[in-house]
There are 2 protein chains.
Amino acid sequence: VAGEFELIEMFRERLARAGAADGEGVAVGSGDDAAVLAGAGASAVSVDAVVDGVHFRRDTFPPAAIGAKALAAALSDLAAMGARPGPAFVQLGLPAEVSDEELAALADGVGAAVAAAGAGVAGGDLVASPVLFLAVTVIGWADEPDALVTRAGARPGDVLAVTGELGGAAAGLALLERPDIAAELDAERADALRARQLEPTPRLAVGRALAAEGASAMIDVSDGLVADARHLAEASGVGVTLDASCVPIQAGVAEVAVALERDDVELAITGGEDYELLVTLPEAAFTAARAAVKGLGTELTRIGIVTAGEGVQLLGVSAPPAAEGFDQSAARAPGAPT
Amino acid sequence: VAGEFELIEMFRERLARAGAADGEGVAVGSGDDAAVLAGAGASAVSVDAVVDGVHFRRDTFPPAAIGAKALAAALSDLAAMGARPGPAFVQLGLPAEVSDEELAALADGVGAAVAAAGAGVAGGDLVASPVLFLAVTVIGWADEPDALVTRAGARPGDVLAVTGELGGAAAGLALLERPDIAAELDAERADALRARQLEPTPRLAVGRALAAEGASAMIDVSDGLVADARHLAEASGVGVTLDASCVPIQAGVAEVAVALERDDVELAITGGEDYELLVTLPEAAFTAARAAVKGLGTELTRIGIVTAGEGVQLLGVSAPPAAEGFDQSAARAPGAPT
């Protein structure tokens, strides 16, 4: 029994070092039957799980990056709601062969990601498992439910826009798996691309700014721009016309695409995991929203328009992409993927 | 891509059939970036993960029982806070070899457990994994933070009491793994013992009643009575004296203990996973609390007293038990367990 409780204690202490568990709305933190939350008119809850060999590989991912990746995916969903990040709950499945040092680094990665988001770890669970996994729950706050932006509010005529630059995470993953490609790139660019994959930054402040500026619908770019645009269109009961030639692409993606014998635009619109925000706004709100996002150090780029139709109409590509997005979590894919 | 989204859709539909996702406080359910919760003065959040080969074995556990087990552990923590159960979030790691029928049965088990608790599934995630796991997050409600009962409020002189009967889950597990023992038992008793392991029932209504009757501290019996009494004593900064001869033991446990060449009292106080509630109450509150619990069809049994000391003083056993509790989730146990 000592082994379990000591490990959990070590895991918790590491997490607590970076992220305070007594943040907004946390009345009782880790260690009781349940964490107790109080306050806030509304909360947003997002869960995400990552599994060794599926969402990352322990041989190419440093332990700290594994923790950061799990948190980023869940926190990015809160960003896409325009929520203030609150307590996080981390469940770790831990194989016996993971060393104490690896575990500590992984916990530090979780703690750093949580602290960078301004959140805190309020609880969790550490269980034995033949395969390493992290299952994360994050709770975000808003003053009232209507202050949160769903995927379902896009209206015909709204501007379709995206924050930041795309393609970096997919190119970064390629560099991690193919050091021979990295060797041909400018070192600084290569580092920036790898960081997009290993240290993803959820757009939490930008998401809140877009919500405040009147975003009608919002989703994070996790599956890939085209796939996520389709999710948004379906949830809103509208169509979107997306001009791929307007999509901002991160520096270095083009070189990686050449090495992979792929098209850089196709990589950028299908790559996924960039954790930028895809947003729709009334035309009248766009200029102020762009200025607000710029004030936070990020660009907001117009890439299309919402229509009365359905699905995604893709302009600016010679042929439709072979796949809409990177299927991050496909459990099984019977038949051909679309 | 189709494969993933179709599977998730099937999983969600199965869950939704039994447990409504639009229960108390759920403004936006499954399918958006995050679930949106509103209302309630306070919430309690509990997470629990179960892993194939660690917390259950697919060869002895029917798929429906796997889902029920994961939910029961998390919901039982809410019971021990005296919270009203609210939305549940279910993350499933799914190996390729699990058939659609098994997946459906597992989802039905989750749905049934959630519905039986009066809760609902508000979101989740389905990811590929080499090993089957379920990571569950449940949220419970209370009118205010002080209405929730932590482990930390026990005071010297308080009565120590336990709900229901113990030992059943451990005996049930033995019957599942040793059908030869089951053959010697009365069939009805054997069924009841196995049900304690396969279909655990969190004491949600009883927990709320105990909170309303002035419980000073509460914890669910998941690790084992002695281990959980120690957790409660540590959190409260008190000692407890526990008379093992007063502990109510489920019918049939004695016979299973004989077959296992173990002591039935020792099995009952260390077995764990019964998901009964261990509670402390001021002496003046005990009689009314017992009546309230009886009104819900369950017994509340006095088994000890809270003292000004520390740790657990165990009476009524000839020798201290070899282990305090079943170490459900021990990741690794370097050195000898206590």
# chains A, B, ... in the order shown; residues from 1 in each chain; ligands from 1
>>> residues_around(residues="Ala183 of chain A", least_positions_apart="6", cutoff="12 Å", atoms="only C-alpha atoms", output="ChimeraX atom specification")
/A:175-176,189-191,255-256,259
>>> write_last_selection(atoms="all heavy atoms", output="mmCIF file, in the first residue's frame")
data_model
loop_
_atom_site.group_PDB
_atom_site.id
_atom_site.type_symbol
_atom_site.label_atom_id
_atom_site.label_comp_id
_atom_site.auth_asym_id
_atom_site.auth_seq_id
_atom_site.Cartn_x
_atom_site.Cartn_y
_atom_site.Cartn_z
ATOM 1 N N LEU A 175 9.480 16.116 -38.531
ATOM 2 C CA LEU A 175 10.890 16.343 -38.167
ATOM 3 C C LEU A 175 11.326 15.427 -37.027
ATOM 4 O O LEU A 175 12.472 14.975 -36.990
ATOM 5 C CB LEU A 175 11.109 17.800 -37.764
ATOM 6 C CG LEU A 175 10.927 18.857 -38.860
ATOM 7 C CD1 LEU A 175 11.273 20.237 -38.322
ATOM 8 C CD2 LEU A 175 11.781 18.527 -40.078
ATOM 9 N N LEU A 176 10.416 15.166 -36.086
ATOM 10 C CA LEU A 176 10.748 14.274 -34.968
ATOM 11 C C LEU A 176 10.991 12.856 -35.465
ATOM 12 O O LEU A 176 11.845 12.139 -34.945
ATOM 13 C CB LEU A 176 9.612 14.269 -33.935
ATOM 14 C CG LEU A 176 9.484 15.543 -33.095
ATOM 15 C CD1 LEU A 176 8.160 15.546 -32.332
ATOM 16 C CD2 LEU A 176 10.654 15.660 -32.128
ATOM 17 N N ARG A 189 14.116 27.459 -37.410
ATOM 18 C CA ARG A 189 12.806 27.077 -37.953
ATOM 19 C C ARG A 189 12.423 25.675 -37.531
ATOM 20 O O ARG A 189 11.282 25.405 -37.176
ATOM 21 C CB ARG A 189 12.821 27.126 -39.482
ATOM 22 C CG ARG A 189 12.630 28.509 -40.023
ATOM 23 C CD ARG A 189 12.364 28.470 -41.517
ATOM 24 N NE ARG A 189 12.164 29.832 -41.986
ATOM 25 C CZ ARG A 189 11.915 30.164 -43.240
ATOM 26 N NH1 ARG A 189 11.839 29.212 -44.164
ATOM 27 N NH2 ARG A 189 11.729 31.416 -43.578
ATOM 28 N N ALA A 190 13.402 24.767 -37.587
ATOM 29 C CA ALA A 190 13.135 23.373 -37.220
ATOM 30 C C ALA A 190 12.723 23.287 -35.745
ATOM 31 O O ALA A 190 11.787 22.567 -35.386
ATOM 32 C CB ALA A 190 14.368 22.510 -37.485
ATOM 33 N N ASP A 191 13.438 24.053 -34.894
ATOM 34 C CA ASP A 191 13.077 24.072 -33.470
ATOM 35 C C ASP A 191 11.653 24.566 -33.270
ATOM 36 O O ASP A 191 10.893 24.009 -32.474
ATOM 37 C CB ASP A 191 14.033 24.995 -32.693
ATOM 38 C CG ASP A 191 15.373 24.323 -32.415
ATOM 39 O OD1 ASP A 191 15.444 23.074 -32.568
ATOM 40 O OD2 ASP A 191 16.329 25.026 -32.064
ATOM 41 N N GLU A 255 9.197 23.762 -46.769
ATOM 42 C CA GLU A 255 10.389 22.928 -46.962
ATOM 43 C C GLU A 255 10.135 21.480 -46.522
ATOM 44 O O GLU A 255 10.551 20.534 -47.185
ATOM 45 C CB GLU A 255 11.586 23.477 -46.152
ATOM 46 C CG GLU A 255 12.159 24.785 -46.680
ATOM 47 C CD GLU A 255 11.595 25.994 -45.953
ATOM 48 O OE1 GLU A 255 10.348 26.064 -45.795
ATOM 49 O OE2 GLU A 255 12.381 26.860 -45.542
ATOM 50 N N VAL A 256 9.465 21.326 -45.388
ATOM 51 C CA VAL A 256 9.155 19.972 -44.921
ATOM 52 C C VAL A 256 8.224 19.272 -45.909
ATOM 53 O O VAL A 256 8.395 18.084 -46.205
ATOM 54 C CB VAL A 256 8.525 20.012 -43.503
ATOM 55 C CG1 VAL A 256 8.070 18.620 -43.068
ATOM 56 C CG2 VAL A 256 9.518 20.580 -42.487
ATOM 57 N N ALA A 259 10.161 17.918 -48.788
ATOM 58 C CA ALA A 259 10.901 16.709 -48.408
ATOM 59 C C ALA A 259 9.972 15.501 -48.294
ATOM 60 O O ALA A 259 10.372 14.368 -48.556
ATOM 61 C CB ALA A 259 11.629 16.944 -47.088
#
>>> select_by_dssp(residues="segment 90-325 of chain B", states="strand (DSSP E)", output="VMD selection string")
chain B and resid 90 to 94 120 to 128 133 to 142 159 to 163 217 to 220 239 to 243 277 to 281 300 to 307 311 to 315
>>> write_last_selection(atoms="C-alpha atoms", output="compact mmCIF listing (two decimals), in the first residue's frame")
# COMPACT_ATOMS: atom_id res chain seq x y z
CA VAL B 90 -16.32 8.72 -19.89
CA GLN B 91 -13.00 8.20 -21.66
CA LEU B 92 -12.58 4.77 -23.19
CA GLY B 93 -9.30 3.30 -24.43
CA LEU B 94 -10.34 0.64 -26.93
CA GLY B 120 -26.24 11.41 -17.09
CA VAL B 121 -23.34 11.17 -19.53
CA ALA B 122 -22.44 14.65 -20.75
CA GLY B 123 -19.33 13.85 -22.75
CA GLY B 124 -16.43 11.58 -23.34
CA ASP B 125 -13.72 10.44 -25.62
CA LEU B 126 -12.97 7.19 -27.39
CA VAL B 127 -9.35 6.51 -28.26
CA ALA B 128 -7.41 3.61 -29.66
CA PHE B 133 -9.21 1.24 -19.99
CA LEU B 134 -11.98 3.49 -18.75
CA ALA B 135 -11.26 6.86 -17.17
CA VAL B 136 -14.34 8.39 -15.62
CA THR B 137 -15.03 11.89 -14.33
CA VAL B 138 -18.24 12.51 -12.39
CA ILE B 139 -19.55 15.81 -11.11
CA GLY B 140 -21.91 16.07 -8.15
CA TRP B 141 -23.91 19.03 -6.93
CA ALA B 142 -24.65 20.64 -3.60
CA VAL B 159 -19.25 7.87 16.65
CA LEU B 160 -17.55 5.82 13.89
CA ALA B 161 -20.16 3.95 11.84
CA VAL B 162 -20.45 2.03 8.58
CA THR B 163 -23.38 1.49 6.22
CA ALA B 217 -16.54 13.21 8.05
CA MET B 218 -17.19 10.55 5.45
CA ILE B 219 -15.22 8.26 3.09
CA ASP B 220 -16.26 5.35 0.93
CA GLY B 239 -7.33 8.73 15.83
CA VAL B 240 -10.05 6.12 15.50
CA THR B 241 -10.68 3.04 17.61
CA LEU B 242 -12.36 0.41 15.46
CA ASP B 243 -13.94 -2.71 16.98
CA LEU B 277 -19.73 4.53 3.57
CA LEU B 278 -17.56 4.97 6.66
CA VAL B 279 -18.87 7.97 8.55
CA THR B 280 -18.28 9.89 11.75
CA LEU B 281 -21.10 11.69 13.55
CA LEU B 300 -25.99 2.07 9.88
CA THR B 301 -23.80 0.20 12.36
CA ARG B 302 -21.71 1.71 15.14
CA ILE B 303 -18.21 0.20 14.88
CA GLY B 304 -16.00 2.54 16.89
CA ILE B 305 -15.17 5.97 18.17
CA VAL B 306 -13.02 8.94 17.21
CA THR B 307 -10.19 9.71 19.65
CA GLY B 311 -4.04 6.30 13.35
CA VAL B 312 -6.31 3.27 13.69
CA GLN B 313 -6.50 1.27 16.90
CA LEU B 314 -8.00 -2.09 15.97
CA LEU B 315 -9.97 -4.09 18.59
>>> atom_distance(atom1="atom CA of Leu78 of chain B", atom2="atom CA of Glu102 of chain B")
28.1 Å
>>> residues_around(residues="Gly271 of chain A", least_positions_apart="4", cutoff="9 Å", atoms="only C-alpha atoms", output="ChimeraX atom specification")
/A:166-171,222-225,266-267,324-326
>>> residues_around(residues="Arg194 of chain B", least_positions_apart="6", cutoff="12 Å", atoms="only C-alpha atoms", output="ChimeraX atom specification")
/B:60-62,65,167-179,182,185,187-188,200,250,252-253,256,274
>>> write_last_selection(atoms="N, CA and C atoms", output="PDB file, in the first residue's frame")
ATOM      1  N   THR B  60     -12.984 -12.732 -16.822  1.00  0.00           N
ATOM      2  CA  THR B  60     -13.958 -13.027 -15.765  1.00  0.00           C
ATOM      3  C   THR B  60     -15.010 -11.933 -15.622  1.00  0.00           C
ATOM      4  N   PHE B  61     -14.783 -10.779 -16.200  1.00  0.00           N
ATOM      5  CA  PHE B  61     -15.720  -9.665 -16.079  1.00  0.00           C
ATOM      6  C   PHE B  61     -16.524  -9.503 -17.365  1.00  0.00           C
ATOM      7  N   PRO B  62     -17.859  -9.620 -17.300  1.00  0.00           N
ATOM      8  CA  PRO B  62     -18.668  -9.300 -18.481  1.00  0.00           C
ATOM      9  C   PRO B  62     -18.467  -7.818 -18.847  1.00  0.00           C
ATOM     10  N   ALA B  65     -20.174  -5.203 -16.832  1.00  0.00           N
ATOM     11  CA  ALA B  65     -19.671  -5.021 -15.466  1.00  0.00           C
ATOM     12  C   ALA B  65     -18.453  -4.099 -15.454  1.00  0.00           C
ATOM     13  N   GLY B 167     -17.246  -7.095   3.059  1.00  0.00           N
ATOM     14  CA  GLY B 167     -16.643  -8.380   2.706  1.00  0.00           C
ATOM     15  C   GLY B 167     -17.219  -9.005   1.446  1.00  0.00           C
ATOM     16  N   GLY B 168     -18.372  -8.531   1.015  1.00  0.00           N
ATOM     17  CA  GLY B 168     -19.053  -9.148  -0.118  1.00  0.00           C
ATOM     18  C   GLY B 168     -18.279  -9.024  -1.425  1.00  0.00           C
ATOM     19  N   ALA B 169     -17.716  -7.858  -1.670  1.00  0.00           N
ATOM     20  CA  ALA B 169     -17.025  -7.653  -2.944  1.00  0.00           C
ATOM     21  C   ALA B 169     -15.774  -8.526  -3.044  1.00  0.00           C
ATOM     22  N   ALA B 170     -15.032  -8.637  -1.933  1.00  0.00           N
ATOM     23  CA  ALA B 170     -13.823  -9.471  -1.942  1.00  0.00           C
ATOM     24  C   ALA B 170     -14.196 -10.938  -2.097  1.00  0.00           C
ATOM     25  N   ALA B 171     -15.256 -11.369  -1.388  1.00  0.00           N
ATOM     26  CA  ALA B 171     -15.704 -12.757  -1.520  1.00  0.00           C
ATOM     27  C   ALA B 171     -16.226 -13.016  -2.933  1.00  0.00           C
ATOM     28  N   GLY B 172     -16.931 -12.034  -3.495  1.00  0.00           N
ATOM     29  CA  GLY B 172     -17.443 -12.172  -4.860  1.00  0.00           C
ATOM     30  C   GLY B 172     -16.329 -12.330  -5.882  1.00  0.00           C
ATOM     31  N   LEU B 173     -15.254 -11.565  -5.693  1.00  0.00           N
ATOM     32  CA  LEU B 173     -14.107 -11.673  -6.598  1.00  0.00           C
ATOM     33  C   LEU B 173     -13.497 -13.071  -6.507  1.00  0.00           C
ATOM     34  N   ALA B 174     -13.401 -13.591  -5.272  1.00  0.00           N
ATOM     35  CA  ALA B 174     -12.868 -14.947  -5.087  1.00  0.00           C
ATOM     36  C   ALA B 174     -13.743 -15.974  -5.813  1.00  0.00           C
ATOM     37  N   LEU B 175     -15.067 -15.784  -5.761  1.00  0.00           N
ATOM     38  CA  LEU B 175     -15.974 -16.725  -6.443  1.00  0.00           C
ATOM     39  C   LEU B 175     -15.813 -16.653  -7.958  1.00  0.00           C
ATOM     40  N   LEU B 176     -15.575 -15.445  -8.484  1.00  0.00           N
ATOM     41  CA  LEU B 176     -15.392 -15.298  -9.935  1.00  0.00           C
ATOM     42  C   LEU B 176     -14.124 -16.001 -10.389  1.00  0.00           C
ATOM     43  N   GLU B 177     -13.105 -15.967  -9.539  1.00  0.00           N
ATOM     44  CA  GLU B 177     -11.818 -16.529  -9.934  1.00  0.00           C
ATOM     45  C   GLU B 177     -11.684 -17.998  -9.551  1.00  0.00           C
ATOM     46  N   ARG B 178     -12.533 -18.453  -8.606  1.00  0.00           N
ATOM     47  CA  ARG B 178     -12.473 -19.851  -8.144  1.00  0.00           C
ATOM     48  C   ARG B 178     -13.870 -20.455  -8.174  1.00  0.00           C
ATOM     49  N   PRO B 179     -14.359 -20.854  -9.355  1.00  0.00           N
ATOM     50  CA  PRO B 179     -15.706 -21.433  -9.447  1.00  0.00           C
ATOM     51  C   PRO B 179     -15.860 -22.658  -8.541  1.00  0.00           C
ATOM     52  N   ALA B 182     -17.424 -21.524  -5.428  1.00  0.00           N
ATOM     53  CA  ALA B 182     -18.820 -21.157  -5.646  1.00  0.00           C
ATOM     54  C   ALA B 182     -19.718 -22.386  -5.608  1.00  0.00           C
ATOM     55  N   LEU B 185     -21.304 -23.276  -2.343  1.00  0.00           N
ATOM     56  CA  LEU B 185     -22.144 -22.272  -1.671  1.00  0.00           C
ATOM     57  C   LEU B 185     -23.600 -22.359  -2.121  1.00  0.00           C
ATOM     58  N   ALA B 187     -26.629 -21.102  -3.899  1.00  0.00           N
ATOM     59  CA  ALA B 187     -26.558 -20.392  -5.186  1.00  0.00           C
ATOM     60  C   ALA B 187     -26.963 -18.923  -5.041  1.00  0.00           C
ATOM     61  N   GLU B 188     -27.982 -18.675  -4.232  1.00  0.00           N
ATOM     62  CA  GLU B 188     -28.479 -17.306  -4.083  1.00  0.00           C
ATOM     63  C   GLU B 188     -27.429 -16.424  -3.393  1.00  0.00           C
ATOM     64  N   PRO B 200     -21.528  -3.122  -8.342  1.00  0.00           N
ATOM     65  CA  PRO B 200     -21.469  -2.356  -7.095  1.00  0.00           C
ATOM     66  C   PRO B 200     -22.455  -1.191  -7.131  1.00  0.00           C
ATOM     67  N   GLN B 250     -21.329  -9.602   5.289  1.00  0.00           N
ATOM     68  CA  GLN B 250     -22.369 -10.121   4.393  1.00  0.00           C
ATOM     69  C   GLN B 250     -22.476 -11.653   4.494  1.00  0.00           C
ATOM     70  N   GLY B 252     -22.467 -15.393   3.621  1.00  0.00           N
ATOM     71  CA  GLY B 252     -21.701 -16.151   2.638  1.00  0.00           C
ATOM     72  C   GLY B 252     -20.207 -15.843   2.690  1.00  0.00           C
ATOM     73  N   VAL B 253     -19.855 -14.680   3.235  1.00  0.00           N
ATOM     74  CA  VAL B 253     -18.442 -14.304   3.322  1.00  0.00           C
ATOM     75  C   VAL B 253     -17.679 -15.299   4.197  1.00  0.00           C
ATOM     76  N   VAL B 256     -16.827 -18.436   2.240  1.00  0.00           N
ATOM     77  CA  VAL B 256     -15.758 -18.174   1.275  1.00  0.00           C
ATOM     78  C   VAL B 256     -14.419 -18.041   2.008  1.00  0.00           C
ATOM     79  N   ASP B 274     -16.320  -2.600  -1.419  1.00  0.00           N
ATOM     80  CA  ASP B 274     -17.736  -2.766  -1.073  1.00  0.00           C
ATOM     81  C   ASP B 274     -18.521  -1.488  -1.344  1.00  0.00           C
TER      82      ASP B 274
END
